[in-house]
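Taking it in order: structure first as structure tokens, then the write-up.
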Amino acid sequence: MSSNGGASGKDSTPDMANVDAKTLNIEVPSIPGDVALCGDLPKESMSEVAGRFKSWIYMNDEANSFWFPEEIKGAGVEQMMVRKFPGPPSFPSDDQVSEILDALDKMPRPLMLQCTSGNRAGVALLLWLGKKANYSAESAKQFAEDEDLRFWRRCATCGPMRDWMVKKLPGLEALSAFQPVQGLVFQQLFDPESSTFTYALGCAETKEAILIDPVLEQKDRDLTSLTEQGLTLKYVVNTHCHA
């Protein structure tokens, strides 16, 4: 996934060697790989941590006692900004969401997202990934599970924030509509019973299609969907064993 107008890669991955990320509650999701998440950090650890990042977004009020801009700047961070992103009982406004997504688009990598616990930082990152990759709510849920994001799997009080985030992403029906792009017909399908994503790829010219990773019990649904689009199934591809 591209970030800041360029491709993510080894050069933009934060070097967390010799940093006790577990104790400091710092997460670095493998996707995009160049954004880290954290909560409040002790002042004495700030220089060591901040020196591994080019940019920093703080998601609380700048008057917060755990905001240490001088230490962050002194560690060599090129850009830092405050973008308030409240949590329950209030939630971010549309403008606040747009501001932080815009910042995530533009800030250089590696980038740190900091809030009080790291949970709202995870929400913001997942919203950004969802918008960039056109994730459905189900895709976002699967990603959060696969990455073992703290706000999704290990936070007993994050339910309201999780629910809010899911509502901000399109449902499966919104993404399932076939949208030809340069001759390609694409559809994402989901089977909740087996948590399997199925993909249909078709040619707008030949009207032939393939199904990738179909679920046997969803055969009628998949074939009906293809027929409704005037497509004929040509191949089925299984990337690994499914239900």
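Each chain of the structure tokens is named A, B, ... in the order shown, its residues numbered from 1; ligands are numbered from 1 in display order.
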Proximity of stretch 111-179 of chain A to stretch 9-27 of chain A: per-residue shortest pair, 9 Å limit, only C-alpha atoms, as JSON lines:
{"residue": "A:Leu111", "atom": "CA", "partner": "A:Pro14", "partner_atom": "CA", "distance": 8.0}
{"residue": "A:Ser117", "atom": "CA", "partner": "A:Asn25", "partner_atom": "CA", "distance": 8.0}
{"residue": "A:Gly118", "atom": "CA", "partner": "A:Asn25", "partner_atom": "CA", "distance": 7.5}
{"residue": "A:Gly122", "atom": "CA", "partner": "A:Glu27", "partner_atom": "CA", "distance": 8.8}
{"residue": "A:Leu149", "atom": "CA", "partner": "A:Glu27", "partner_atom": "CA", "distance": 7.9}
{"residue": "A:Arg150", "atom": "CA", "partner": "A:Glu27", "partner_atom": "CA", "distance": 8.3}
Just write the chosen residues, N, CA and C atoms, as a short mmCIF file (atom, residue, chain, number, x, y, z; two decimals), in the first residue's frame.
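Written output follows (again19.cif):
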data_model
loop_
_atom_site.label_atom_id
_atom_site.label_comp_id
_atom_site.auth_asym_id
_atom_site.auth_seq_id
_atom_site.Cartn_x
_atom_site.Cartn_y
_atom_site.Cartn_z
N LEU A 111 5.68 6.93 10.65
CA LEU A 111 4.77 7.83 11.35
C LEU A 111 4.27 7.18 12.64
N SER A 117 -4.28 5.57 24.98
CA SER A 117 -4.02 4.14 25.17
C SER A 117 -3.52 3.43 23.92
N GLY A 118 -3.59 4.10 22.78
CA GLY A 118 -3.26 3.48 21.50
C GLY A 118 -4.48 2.93 20.79
N GLY A 122 -5.48 3.05 16.73
CA GLY A 122 -5.81 1.89 15.90
C GLY A 122 -7.06 2.10 15.09
N LEU A 149 -5.02 -6.37 16.51
CA LEU A 149 -5.00 -5.00 16.99
C LEU A 149 -5.62 -4.92 18.38
N ARG A 150 -4.95 -4.20 19.25
CA ARG A 150 -5.36 -4.16 20.65
C ARG A 150 -6.79 -3.65 20.82
#
Do a neighbour search on A:Val28 at 7 Å with only C-alpha atoms, toss out local chain neighbours closer than 6 positions, and write the hits as JSON, numbers by chain. {"A": [35, 36, 37]}
Which residues come within 8 Å of A:Gln114, counting only C-alpha atoms, excluding same-chain residues fewer than 6 positions away, as a PyMOL selection string? chain A and resi 37-40+56-59+121
Please provide as a list in words all residues within 7 Å of A:Lys84, with the sequence filter that same-chain residues fewer than 5 positions apart are discarded (counting only C-alpha atoms). Met59, Asn60, Asp61 and Gln96 of chain A
Next, dump the selected residues to file, keeping only N, CA and C atoms, as a PDB file, in the first residue's frame.
ATOM      1  N   MET A  59      -3.308  12.746  19.159  1.00  0.00           N
ATOM      2  CA  MET A  59      -4.745  12.727  18.964  1.00  0.00           C
ATOM      3  C   MET A  59      -5.543  13.253  20.159  1.00  0.00           C
ATOM      4  N   ASN A  60      -4.836  13.774  21.170  1.00  0.00           N
ATOM      5  CA  ASN A  60      -5.493  14.390  22.318  1.00  0.00           C
ATOM      6  C   ASN A  60      -5.313  15.896  22.272  1.00  0.00           C
ATOM      7  N   ASP A  61      -5.851  16.574  23.269  1.00  0.00           N
ATOM      8  CA  ASP A  61      -5.661  18.019  23.381  1.00  0.00           C
ATOM      9  C   ASP A  61      -4.182  18.303  23.643  1.00  0.00           C
ATOM     10  N   GLN A  96     -13.313  16.039  11.858  1.00  0.00           N
ATOM     11  CA  GLN A  96     -12.156  15.480  12.559  1.00  0.00           C
ATOM     12  C   GLN A  96     -11.662  14.212  11.887  1.00  0.00           C
TER      13      GLN A  96
END
Restricting the calculation to only C-alpha atoms: of A:Leu169, A:Leu231, A:Ala156, A:Met107, which residue gets closest to A:Lys141?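 Comparing A:Leu169, A:Leu231, A:Ala156, A:Met107 against A:Lys141, the winner is A:Leu169.
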Using only C-alpha atoms, which residues sit within 9 Å of A:Met165 once same-chain residues fewer than 6 positions away are excluded, as a PDB file with all heavy atoms, in the first residue's frame?
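Written output follows (out20.pdb):
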ATOM      1  N   VAL A 123      -8.052   2.748  15.685  1.00  0.00           N
ATOM      2  CA  VAL A 123      -9.293   3.046  14.967  1.00  0.00           C
ATOM      3  C   VAL A 123      -9.010   3.957  13.778  1.00  0.00           C
ATOM      4  O   VAL A 123      -9.481   3.725  12.658  1.00  0.00           O
ATOM      5  CB  VAL A 123     -10.323   3.701  15.912  1.00  0.00           C
ATOM      6  CG1 VAL A 123     -11.518   4.237  15.126  1.00  0.00           C
ATOM      7  CG2 VAL A 123     -10.805   2.704  16.960  1.00  0.00           C
ATOM      8  N   ALA A 124      -8.226   5.009  14.007  1.00  0.00           N
ATOM      9  CA  ALA A 124      -7.910   5.950  12.933  1.00  0.00           C
ATOM     10  C   ALA A 124      -7.149   5.266  11.802  1.00  0.00           C
ATOM     11  O   ALA A 124      -7.427   5.497  10.616  1.00  0.00           O
ATOM     12  CB  ALA A 124      -7.104   7.120  13.485  1.00  0.00           C
ATOM     13  N   LEU A 126      -7.200   2.081  10.979  1.00  0.00           N
ATOM     14  CA  LEU A 126      -8.066   1.147  10.262  1.00  0.00           C
ATOM     15  C   LEU A 126      -9.046   1.892   9.373  1.00  0.00           C
ATOM     16  O   LEU A 126      -9.349   1.442   8.259  1.00  0.00           O
ATOM     17  CB  LEU A 126      -8.806   0.246  11.250  1.00  0.00           C
ATOM     18  CG  LEU A 126      -9.523  -0.978  10.670  1.00  0.00           C
ATOM     19  CD1 LEU A 126      -8.614  -1.750   9.730  1.00  0.00           C
ATOM     20  CD2 LEU A 126     -10.015  -1.885  11.781  1.00  0.00           C
ATOM     21  N   LEU A 127      -9.534   3.036   9.821  1.00  0.00           N
ATOM     22  CA  LEU A 127     -10.394   3.860   8.959  1.00  0.00           C
ATOM     23  C   LEU A 127      -9.632   4.303   7.712  1.00  0.00           C
ATOM     24  O   LEU A 127     -10.162   4.271   6.600  1.00  0.00           O
ATOM     25  CB  LEU A 127     -10.881   5.090   9.723  1.00  0.00           C
ATOM     26  CG  LEU A 127     -12.163   4.976  10.531  1.00  0.00           C
ATOM     27  CD1 LEU A 127     -12.451   6.301  11.234  1.00  0.00           C
ATOM     28  CD2 LEU A 127     -13.341   4.575   9.664  1.00  0.00           C
ATOM     29  N   ALA A 137     -16.864  -3.264   5.841  1.00  0.00           N
ATOM     30  CA  ALA A 137     -16.801  -3.435   7.288  1.00  0.00           C
ATOM     31  C   ALA A 137     -16.282  -4.824   7.636  1.00  0.00           C
ATOM     32  O   ALA A 137     -15.474  -4.992   8.569  1.00  0.00           O
ATOM     33  CB  ALA A 137     -18.179  -3.192   7.903  1.00  0.00           C
TER      34      ALA A 137
END
Could you tell me how far atom CA of A:Ala209 lies from atom CA of A:Leu189, in Å and to one decimal? 14.3 Å
As a ChimeraX atom specification, please: all residues of chain A that backbone DSSP puts in helix (DSSP H, G or I). /A:10-12,43-50,69-74,94-106,119-133,137-147,150-153,159-168,172-176,216-228
Please identify all polymer residues within 10 Å of A:Val97, counting only C-alpha atoms, omitting same-chain residues fewer than 5 positions from it, and present them as a list in words.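 That gives Arg83, Lys84, Phe85, Phe91, Pro92, Asp102, Ala103, Ala124, Leu127, Trp128 and Lys168 of chain A.
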Could you save those same residues with N, CA, C and O atoms as a PDB file, in the first residue's frame?
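And here's part_21.pdb as it stands now:
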ATOM      1  N   ARG A  83      -4.120  16.436  16.123  1.00  0.00           N
ATOM      2  CA  ARG A  83      -5.405  16.248  15.452  1.00  0.00           C
ATOM      3  C   ARG A  83      -6.332  15.547  16.433  1.00  0.00           C
ATOM      4  O   ARG A  83      -6.191  14.348  16.662  1.00  0.00           O
ATOM      5  N   LYS A  84      -7.202  16.294  17.055  1.00  0.00           N
ATOM      6  CA  LYS A  84      -8.080  15.733  18.088  1.00  0.00           C
ATOM      7  C   LYS A  84      -9.022  14.697  17.482  1.00  0.00           C
ATOM      8  O   LYS A  84      -9.634  14.920  16.435  1.00  0.00           O
ATOM      9  N   PHE A  85      -9.097  13.565  18.156  1.00  0.00           N
ATOM     10  CA  PHE A  85      -9.887  12.430  17.689  1.00  0.00           C
ATOM     11  C   PHE A  85     -10.521  11.813  18.937  1.00  0.00           C
ATOM     12  O   PHE A  85      -9.996  10.853  19.498  1.00  0.00           O
ATOM     13  N   PHE A  91     -17.751  11.139  19.970  1.00  0.00           N
ATOM     14  CA  PHE A  91     -17.058  10.497  18.865  1.00  0.00           C
ATOM     15  C   PHE A  91     -16.566  11.569  17.898  1.00  0.00           C
ATOM     16  O   PHE A  91     -17.078  12.685  17.882  1.00  0.00           O
ATOM     17  N   PRO A  92     -15.568  11.239  17.067  1.00  0.00           N
ATOM     18  CA  PRO A  92     -15.048  12.232  16.126  1.00  0.00           C
ATOM     19  C   PRO A  92     -16.127  12.720  15.162  1.00  0.00           C
ATOM     20  O   PRO A  92     -16.958  11.942  14.691  1.00  0.00           O
ATOM     21  N   ASP A 102      -6.580  12.880   6.187  1.00  0.00           N
ATOM     22  CA  ASP A 102      -5.751  13.713   5.314  1.00  0.00           C
ATOM     23  C   ASP A 102      -4.314  13.754   5.830  1.00  0.00           C
ATOM     24  O   ASP A 102      -3.355  13.676   5.049  1.00  0.00           O
ATOM     25  N   ALA A 103      -4.164  13.856   7.158  1.00  0.00           N
ATOM     26  CA  ALA A 103      -2.827  13.856   7.745  1.00  0.00           C
ATOM     27  C   ALA A 103      -2.116  12.529   7.487  1.00  0.00           C
ATOM     28  O   ALA A 103      -0.921  12.492   7.174  1.00  0.00           O
ATOM     29  N   ALA A 124      -8.226   5.009  14.007  1.00  0.00           N
ATOM     30  CA  ALA A 124      -7.910   5.950  12.933  1.00  0.00           C
ATOM     31  C   ALA A 124      -7.149   5.266  11.802  1.00  0.00           C
ATOM     32  O   ALA A 124      -7.427   5.497  10.616  1.00  0.00           O
ATOM     33  N   LEU A 127      -9.534   3.036   9.821  1.00  0.00           N
ATOM     34  CA  LEU A 127     -10.394   3.860   8.959  1.00  0.00           C
ATOM     35  C   LEU A 127      -9.632   4.303   7.712  1.00  0.00           C
ATOM     36  O   LEU A 127     -10.162   4.271   6.600  1.00  0.00           O
ATOM     37  N   TRP A 128      -8.386   4.723   7.917  1.00  0.00           N
ATOM     38  CA  TRP A 128      -7.567   5.174   6.788  1.00  0.00           C
ATOM     39  C   TRP A 128      -7.312   4.033   5.805  1.00  0.00           C
ATOM     40  O   TRP A 128      -7.458   4.203   4.588  1.00  0.00           O
ATOM     41  N   LYS A 168     -18.744   3.507   9.889  1.00  0.00           N
ATOM     42  CA  LYS A 168     -18.127   4.458   8.968  1.00  0.00           C
ATOM     43  C   LYS A 168     -17.655   3.808   7.676  1.00  0.00           C
ATOM     44  O   LYS A 168     -17.343   4.497   6.701  1.00  0.00           O
TER      45      LYS A 168
END
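If you look at atom CA of A:Gly87 and atom CA of A:Pro32, they are 23.6 Å away from each other.
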To one decimal place, how far is atom CA of A:Met80 from atom CA of A:Asn119 in Å? 19.4 Å
Would you give me, as an NGL selection string, the residues in stretch 38-201 of chain A that DSSP reads as strand (DSSP E or B)? :A and (38 or 55-58 or 79-82 or 111-114 or 181 or 184-191 or 196-201)
Take the residues from that selection and put them in a file with C-alpha atoms, as a short mmCIF file (atom, residue, chain, number, x, y, z; two decimals), in the first residue's frame.
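Final output, saved to out_15.cif:
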data_model
loop_
_atom_site.label_atom_id
_atom_site.label_comp_id
_atom_site.auth_asym_id
_atom_site.auth_seq_id
_atom_site.Cartn_x
_atom_site.Cartn_y
_atom_site.Cartn_z
CA CYS A 38 0.95 4.07 20.95
CA SER A 55 6.41 12.33 11.74
CA TRP A 56 4.08 12.24 14.72
CA ILE A 57 0.33 12.79 15.13
CA TYR A 58 -1.03 13.44 18.62
CA GLN A 79 6.72 16.92 11.20
CA MET A 80 4.30 16.73 14.10
CA MET A 81 0.75 17.86 14.52
CA VAL A 82 -2.19 17.67 16.90
CA LEU A 111 4.77 7.83 11.35
CA MET A 112 3.59 7.51 14.96
CA LEU A 113 -0.08 7.83 15.90
CA GLN A 114 -0.44 8.59 19.61
CA VAL A 181 -12.68 -0.66 -14.47
CA LEU A 184 -12.35 -5.61 -15.37
CA VAL A 185 -15.49 -6.67 -13.52
CA PHE A 186 -14.81 -7.20 -9.82
CA GLN A 187 -16.87 -8.39 -6.87
CA GLN A 188 -16.06 -9.25 -3.28
CA LEU A 189 -18.32 -11.74 -1.50
CA PHE A 190 -18.27 -12.94 2.09
CA ASP A 191 -19.40 -16.08 3.87
CA THR A 196 -14.21 -16.63 3.90
CA PHE A 197 -13.85 -13.92 1.28
CA THR A 198 -14.65 -14.94 -2.28
CA TYR A 199 -13.67 -12.84 -5.29
CA ALA A 200 -15.27 -12.79 -8.72
CA LEU A 201 -13.24 -11.41 -11.62
#
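Minimum atom-to-atom distances from A:Trp164, A:Thr239, A:Ile31, A:Gly230 to A:Ser93 were compared using only C-alpha atoms, and the lowest value belongs to A:Trp164.
Shortest separation to A:Tyr135 among A:Val166, A:Cys158, A:Asp148, A:Ile72 occurs at residue A:Val166, atoms counted being only C-alpha atoms.
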